[in-house]
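run.pdb (PDB, C-alpha atoms, pLDDT in the B column) appears below.
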ATOM      1  CA  MET A   1       0.000   0.000   0.000  1.00 60.00           C
ATOM      2  CA  GLN A   2       1.273   3.496  -0.857  1.00 67.00           C
ATOM      3  CA  SER A   3       1.853   6.121   1.745  1.00 72.00           C
ATOM      4  CA  ARG A   4      -0.211   9.292   1.755  1.00 65.00           C
ATOM      5  CA  ALA A   5       2.830  11.333   0.613  1.00 58.00           C
ATOM      6  CA  ALA A   6       3.405   9.010  -2.359  1.00 56.00           C
ATOM      7  CA  ARG A   7      -0.251   9.291  -3.427  1.00 57.00           C
ATOM      8  CA  LEU A   8      -0.124  13.103  -3.178  1.00 51.00           C
ATOM      9  CA  GLY A   9       3.079  13.098  -5.240  1.00 50.00           C
ATOM     10  CA  VAL A  10       1.443  11.031  -7.980  1.00 49.00           C
ATOM     11  CA  ILE A  11      -1.629  13.305  -8.006  1.00 55.00           C
ATOM     12  CA  ALA A  12       0.582  16.397  -8.196  1.00 47.00           C
ATOM     13  CA  ALA A  13       2.557  14.885 -11.099  1.00 48.00           C
ATOM     14  CA  VAL A  14      -0.670  14.098 -12.992  1.00 41.00           C
ATOM     15  CA  VAL A  15      -1.987  17.641 -12.460  1.00 44.00           C
ATOM     16  CA  VAL A  16       1.303  19.185 -13.662  1.00 42.00           C
ATOM     17  CA  ALA A  17       1.327  16.894 -16.725  1.00 44.00           C
ATOM     18  CA  ALA A  18      -2.280  17.866 -17.559  1.00 43.00           C
ATOM     19  CA  ILE A  19      -1.431  21.567 -17.301  1.00 44.00           C
ATOM     20  CA  VAL A  20       1.624  21.147 -19.563  1.00 35.00           C
ATOM     21  CA  VAL A  21      -0.435  19.265 -22.171  1.00 35.00           C
ATOM     22  CA  PHE A  22      -3.152  21.941 -22.047  1.00 39.00           C
ATOM     23  CA  VAL A  23      -0.651  24.785 -22.502  1.00 36.00           C
ATOM     24  CA  VAL A  24       1.131  23.048 -25.395  1.00 34.00           C
ATOM     25  CA  LEU A  25      -2.120  22.246 -27.218  1.00 36.00           C
ATOM     26  CA  LYS A  26      -3.490  25.739 -26.670  1.00 40.00           C
ATOM     27  CA  SER A  27      -0.344  27.396 -28.041  1.00 41.00           C
ATOM     28  CA  ASN A  28      -0.381  25.158 -31.135  1.00 42.00           C
ATOM     29  CA  ASN A  29      -4.019  25.894 -31.999  1.00 44.00           C
ATOM     30  CA  SER A  30      -5.023  29.309 -30.719  1.00 44.00           C
ATOM     31  CA  ASP A  31      -2.046  31.270 -32.021  1.00 44.00           C
ATOM     32  CA  LYS A  32      -3.017  30.466 -35.614  1.00 48.00           C
ATOM     33  CA  SER A  33      -4.539  33.913 -36.039  1.00 50.00           C
ATOM     34  CA  SER A  34      -1.764  35.818 -34.254  1.00 62.00           C
ATOM     35  CA  ASN A  35       0.464  35.607 -37.340  1.00 85.00           C
ATOM     36  CA  THR A  36      -2.231  36.712 -39.743  1.00 91.00           C
ATOM     37  CA  ALA A  37      -2.488  40.054 -41.473  1.00 91.00           C
ATOM     38  CA  LYS A  38      -4.889  42.583 -39.975  1.00 93.00           C
ATOM     39  CA  GLY A  39      -6.192  45.774 -41.542  1.00 94.00           C
ATOM     40  CA  VAL A  40      -4.919  47.313 -44.755  1.00 97.00           C
ATOM     41  CA  GLN A  41      -1.614  45.835 -45.945  1.00 97.00           C
ATOM     42  CA  THR A  42       0.422  48.231 -48.065  1.00 98.00           C
ATOM     43  CA  LEU A  43       2.646  46.987 -50.888  1.00 98.00           C
ATOM     44  CA  HIS A  44       5.115  49.407 -52.478  1.00 98.00           C
ATOM     45  CA  VAL A  45       6.210  48.900 -56.075  1.00 97.00           C
ATOM     46  CA  GLY A  46       9.330  50.766 -57.232  1.00 97.00           C
ATOM     47  CA  SER A  47       9.927  52.443 -60.588  1.00 94.00           C
ATOM     48  CA  SER A  48      11.432  49.186 -61.892  1.00 91.00           C
ATOM     49  CA  GLY A  49       8.088  47.458 -61.308  1.00 92.00           C
ATOM     50  CA  ASN A  50       9.549  45.338 -58.508  1.00 95.00           C
ATOM     51  CA  PRO A  51       8.331  45.242 -54.905  1.00 97.00           C
ATOM     52  CA  VAL A  52      10.259  47.482 -52.532  1.00 97.00           C
ATOM     53  CA  GLY A  53      11.789  45.220 -49.869  1.00 97.00           C
ATOM     54  CA  GLY A  54      11.011  42.052 -51.821  1.00 97.00           C
ATOM     55  CA  VAL A  55       7.933  39.915 -52.264  1.00 98.00           C
ATOM     56  CA  LYS A  56       5.808  40.163 -49.126  1.00 97.00           C
ATOM     57  CA  THR A  57       4.038  37.147 -47.600  1.00 98.00           C
ATOM     58  CA  LEU A  58       0.565  37.936 -46.266  1.00 98.00           C
ATOM     59  CA  THR A  59      -1.240  35.283 -44.227  1.00 98.00           C
ATOM     60  CA  TYR A  60      -4.978  35.187 -43.547  1.00 98.00           C
ATOM     61  CA  ASN A  61      -7.456  32.667 -42.205  1.00 98.00           C
ATOM     62  CA  LYS A  62     -10.295  31.583 -44.461  1.00 97.00           C
ATOM     63  CA  GLY A  63     -13.165  34.027 -43.949  1.00 97.00           C
ATOM     64  CA  ASP A  64     -10.921  36.994 -43.055  1.00 97.00           C
ATOM     65  CA  GLN A  65     -11.242  40.218 -45.041  1.00 98.00           C
ATOM     66  CA  VAL A  66      -8.213  40.836 -47.276  1.00 98.00           C
ATOM     67  CA  GLN A  67      -7.399  44.529 -47.625  1.00 98.00           C
ATOM     68  CA  LEU A  68      -4.500  45.510 -49.872  1.00 98.00           C
ATOM     69  CA  ARG A  69      -3.216  48.885 -50.971  1.00 98.00           C
ATOM     70  CA  VAL A  70      -0.646  48.843 -53.770  1.00 98.00           C
ATOM     71  CA  ILE A  71       1.358  52.040 -54.104  1.00 98.00           C
ATOM     72  CA  LEU A  72       3.121  52.315 -57.458  1.00 98.00           C
ATOM     73  CA  ALA A  73       6.079  54.622 -58.138  1.00 98.00           C
ATOM     74  CA  VAL A  74       5.102  54.779 -61.818  1.00 97.00           C
ATOM     75  CA  PRO A  75       1.906  53.871 -63.709  1.00 97.00           C
ATOM     76  CA  GLU A  76       1.592  50.207 -64.657  1.00 97.00           C
ATOM     77  CA  GLU A  77      -0.982  48.209 -66.603  1.00 97.00           C
ATOM     78  CA  ALA A  78      -2.719  46.302 -63.763  1.00 98.00           C
ATOM     79  CA  VAL A  79      -2.444  44.557 -60.403  1.00 98.00           C
ATOM     80  CA  HIS A  80      -3.752  40.985 -60.349  1.00 98.00           C
ATOM     81  CA  VAL A  81      -4.642  38.604 -57.497  1.00 98.00           C
ATOM     82  CA  HIS A  82      -4.322  35.064 -58.881  1.00 97.00           C
ATOM     83  CA  GLY A  83      -6.787  32.428 -57.743  1.00 97.00           C
ATOM     84  CA  TYR A  84      -9.356  35.050 -56.881  1.00 97.00           C
ATOM     85  CA  GLU A  85      -9.006  36.409 -60.422  1.00 97.00           C
ATOM     86  CA  ILE A  86      -9.319  40.005 -59.325  1.00 98.00           C
ATOM     87  CA  GLU A  87      -7.523  42.497 -61.563  1.00 98.00           C
ATOM     88  CA  LYS A  88      -7.567  46.263 -61.301  1.00 98.00           C
ATOM     89  CA  PRO A  89      -6.075  48.933 -63.577  1.00 98.00           C
ATOM     90  CA  ALA A  90      -2.863  50.449 -62.248  1.00 97.00           C
ATOM     91  CA  ALA A  91      -2.601  53.644 -64.281  1.00 97.00           C
ATOM     92  CA  LYS A  92      -3.183  55.604 -61.053  1.00 97.00           C
ATOM     93  CA  SER A  93      -1.837  54.875 -57.604  1.00 97.00           C
ATOM     94  CA  PRO A  94      -2.888  53.623 -55.119  1.00 98.00           C
ATOM     95  CA  VAL A  95      -4.707  50.476 -56.222  1.00 98.00           C
ATOM     96  CA  ASP A  96      -6.991  49.174 -53.456  1.00 98.00           C
ATOM     97  CA  PHE A  97      -8.431  45.700 -52.969  1.00 98.00           C
ATOM     98  CA  SER A  98     -10.905  44.426 -50.389  1.00 98.00           C
ATOM     99  CA  PHE A  99     -12.374  40.931 -50.616  1.00 98.00           C
ATOM    100  CA  PRO A 100     -13.163  37.977 -48.358  1.00 98.00           C
ATOM    101  CA  ALA A 101     -10.518  35.238 -48.140  1.00 97.00           C
ATOM    102  CA  ASN A 102     -12.947  32.498 -49.120  1.00 97.00           C
ATOM    103  CA  LEU A 103     -10.454  30.301 -51.002  1.00 97.00           C
ATOM    104  CA  ASP A 104      -7.698  28.604 -49.026  1.00 97.00           C
ATOM    105  CA  GLY A 105      -4.265  28.078 -50.538  1.00 98.00           C
ATOM    106  CA  VAL A 106      -1.329  30.170 -51.759  1.00 98.00           C
ATOM    107  CA  PHE A 107      -1.976  32.866 -54.352  1.00 98.00           C
ATOM    108  CA  GLU A 108       0.327  35.274 -56.133  1.00 98.00           C
ATOM    109  CA  VAL A 109      -0.334  39.000 -56.275  1.00 98.00           C
ATOM    110  CA  GLU A 110       1.456  40.450 -59.275  1.00 98.00           C
ATOM    111  CA  VAL A 111       1.904  43.635 -61.214  1.00 98.00           C
ATOM    112  CA  HIS A 112       1.322  43.608 -64.966  1.00 97.00           C
ATOM    113  CA  ARG A 113       3.838  46.144 -66.207  1.00 96.00           C
ATOM    114  CA  ILE A 114       3.411  48.621 -69.038  1.00 94.00           C
ATOM    115  CA  ASN A 115       6.133  46.750 -70.977  1.00 94.00           C
ATOM    116  CA  HIS A 116       3.900  43.618 -70.917  1.00 94.00           C
ATOM    117  CA  THR A 117       5.994  41.730 -68.360  1.00 96.00           C
ATOM    118  CA  GLU A 118       4.714  40.514 -65.026  1.00 96.00           C
ATOM    119  CA  GLY A 119       6.238  40.265 -61.600  1.00 96.00           C
ATOM    120  CA  PRO A 120       5.152  39.027 -58.166  1.00 98.00           C
ATOM    121  CA  ILE A 121       4.745  41.613 -55.421  1.00 98.00           C
ATOM    122  CA  ALA A 122       3.152  39.444 -52.719  1.00 98.00           C
ATOM    123  CA  GLU A 123       2.163  35.908 -51.808  1.00 98.00           C
ATOM    124  CA  LEU A 124      -1.265  35.558 -50.269  1.00 97.00           C
ATOM    125  CA  HIS A 125      -1.489  32.552 -47.896  1.00 98.00           C
ATOM    126  CA  VAL A 126      -5.010  31.630 -46.798  1.00 98.00           C
ATOM    127  CA  ASN A 127      -5.267  29.021 -44.033  1.00 98.00           C
ATOM    128  CA  PRO A 128      -8.256  26.620 -44.119  1.00 96.00           C
TER     129      PRO A 128
END
Can the structure in the file be given as structure tokens, please?
Amino acid sequence: MQSRAARLGVIAAVVVAAIVVFVVLKSNNSDKSSNTAKGVQTLHVGSSGNPVGGVKTLTYNKGDQVQLRVILAVPEEAVHVHGYEIEKPAAKSPVDFSFPANLDGVFEVEVHRINHTEGPIAELHVNP
């Protein structure tokens, strides 16, 4: 038969283990939205037609509202969000987008340049 101290030690160990499991599971699931984009995300495109600071990764959860503002240094032909098939003229800056993230996956946002070339300016990641 176990002593009272041994039984209390086992109970304490089980409680601590349950708390650790709870904390680990909570941090793996509930922080999903903490790394997602919120509000208007601004993308700057330089005079070369390339994104200033490189291609930006924007992460959303399915159902979130995507809000993009593309600021162009020079007029271009269009800005296009692949997958969602949204394209807007880019003769004047800024070019604004607002749409629900109702398709999950990875989608390219690109600029269609005046010289008929294309280039990525952002990657849109939508979590299921």
Selection near Phe97 (chain A), 10 Å with all atoms listed in the file, sequence-local residues under 6 positions removed, as number ranges by chain
A: 40-41, 66-70, 79-81, 86-88
Distance in Å - CA of Asp64 (chain A) versus CA of His44 (chain A)
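So the answer is 22.4 Å.
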Answer as number ranges by chain, residues within 7 Å of (7.5, 38.3, -51.1) using all atoms listed in the file:
A: 54-57, 121-123
Could you write out that same residue set with C-alpha atoms as a CSV table (one decimal), in the frame of the given file?
chain,number,residue,atom,x,y,z
A,54,GLY,CA,11.0,42.1,-51.8
A,55,VAL,CA,7.9,39.9,-52.3
A,56,LYS,CA,5.8,40.2,-49.1
A,57,THR,CA,4.0,37.1,-47.6
A,121,ILE,CA,4.7,41.6,-55.4
A,122,ALA,CA,3.2,39.4,-52.7
A,123,GLU,CA,2.2,35.9,-51.8
Distance of CA of Asn102 (chain A) from CA of Pro75 (chain A), expressed in Å to one decimal place
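Distance reported for this atom pair: 29.8 Å.
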Decode the PyMOL selection byres ((chain A and resi 60) around 7) for the given file into explicit residues and return them as a ChimeraX atom specification.
/A:36-37,58-59,61-62,64,125-127
Contacts of Ile71 (chain A) at 7 Å (all atoms listed in the file; same-chain gap of 4+ positions) as a list of chain:residue names
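Result of the neighbour search: A:Leu43, A:His44, A:Val45, A:Ser93, A:Pro94, A:Val95.
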Evaluate the PyMOL selection byres ((chain A and resi 108) around 6) and report residues as a PDB file with C-alpha atoms, keeping the file's coordinate frame:
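Output contents, as saved in out-v4.pdb:
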ATOM      1  CA  HIS A  82      -4.322  35.064 -58.881  1.00 97.00           C
ATOM      2  CA  PHE A 107      -1.976  32.866 -54.352  1.00 98.00           C
ATOM      3  CA  VAL A 109      -0.334  39.000 -56.275  1.00 98.00           C
ATOM      4  CA  GLU A 123       2.163  35.908 -51.808  1.00 98.00           C
TER       5      GLU A 123
END
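Here CA of Arg113 (chain A) is placed at a distance of 15.2 Å from CA of Val52 (chain A).
The closest residue to Thr117 (chain A), picked from A:Thr42, A:Ser3, A:Asn35, A:Asn50 and counting all atoms listed in the file, is A:Asn50.
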Which residues fall under the PyMOL selection byres ((chain A and resi 78) around 6) in this file, as a PyMOL selection string?
chain A and resi 76-77+79+88-90+111-112
Taking all atoms listed in the file into account, which of A:Gly105, A:Gly83, A:Gly39, A:Pro51 comes nearest Glu118 (chain A)?
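Smallest separation from Glu118 (chain A) among the options: A:Pro51.
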Model the absent atoms of region 84-98 of chain A so that N, CA, C and O atoms are present, and write the result as a short mmCIF file (atom, residue, chain, number, x, y, z; two decimals), in the frame of the given file.
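Saved result, part06.cif, follows:
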data_model
loop_
_atom_site.label_atom_id
_atom_site.label_comp_id
_atom_site.auth_asym_id
_atom_site.auth_seq_id
_atom_site.Cartn_x
_atom_site.Cartn_y
_atom_site.Cartn_z
N TYR A 84 -8.12 34.29 -57.06
CA TYR A 84 -9.36 35.05 -56.88
C TYR A 84 -9.76 35.73 -58.18
O TYR A 84 -10.87 36.21 -58.33
N GLU A 85 -8.80 35.81 -59.10
CA GLU A 85 -9.01 36.41 -60.42
C GLU A 85 -9.59 37.81 -60.33
O GLU A 85 -10.54 38.16 -61.02
N ILE A 86 -8.96 38.59 -59.46
CA ILE A 86 -9.32 40.01 -59.32
C ILE A 86 -8.19 40.81 -59.95
O ILE A 86 -7.03 40.63 -59.58
N GLU A 87 -8.52 41.66 -60.90
CA GLU A 87 -7.52 42.50 -61.56
C GLU A 87 -8.06 43.92 -61.62
O GLU A 87 -9.22 44.14 -61.96
N LYS A 88 -7.18 44.85 -61.27
CA LYS A 88 -7.57 46.26 -61.30
C LYS A 88 -6.54 47.05 -62.10
O LYS A 88 -5.35 46.77 -62.04
N PRO A 89 -7.00 48.07 -62.83
CA PRO A 89 -6.08 48.93 -63.58
C PRO A 89 -5.11 49.62 -62.62
O PRO A 89 -5.47 49.95 -61.49
N ALA A 90 -3.89 49.83 -63.10
CA ALA A 90 -2.86 50.45 -62.25
C ALA A 90 -2.27 51.70 -62.88
O ALA A 90 -1.11 52.03 -62.65
N ALA A 91 -3.07 52.40 -63.67
CA ALA A 91 -2.60 53.64 -64.28
C ALA A 91 -2.45 54.73 -63.23
O ALA A 91 -1.64 55.64 -63.37
N LYS A 92 -3.25 54.63 -62.15
CA LYS A 92 -3.18 55.60 -61.05
C LYS A 92 -2.93 54.85 -59.75
O LYS A 92 -3.45 53.76 -59.54
N SER A 93 -2.16 55.46 -58.90
CA SER A 93 -1.84 54.88 -57.60
C SER A 93 -2.56 55.65 -56.51
O SER A 93 -2.72 56.87 -56.65
N PRO A 94 -3.02 55.04 -55.46
CA PRO A 94 -2.89 53.62 -55.12
C PRO A 94 -3.98 52.78 -55.77
O PRO A 94 -4.99 53.28 -56.23
N VAL A 95 -3.73 51.46 -55.77
CA VAL A 95 -4.71 50.48 -56.22
C VAL A 95 -5.16 49.72 -54.98
O VAL A 95 -4.35 49.12 -54.29
N ASP A 96 -6.45 49.78 -54.68
CA ASP A 96 -6.99 49.17 -53.46
C ASP A 96 -7.82 47.93 -53.76
O ASP A 96 -8.57 47.90 -54.73
N PHE A 97 -7.66 46.94 -52.89
CA PHE A 97 -8.43 45.70 -52.97
C PHE A 97 -9.06 45.43 -51.60
O PHE A 97 -8.41 45.66 -50.58
N SER A 98 -10.26 44.90 -51.61
CA SER A 98 -10.90 44.43 -50.39
C SER A 98 -11.83 43.29 -50.80
O SER A 98 -12.75 43.49 -51.59
#
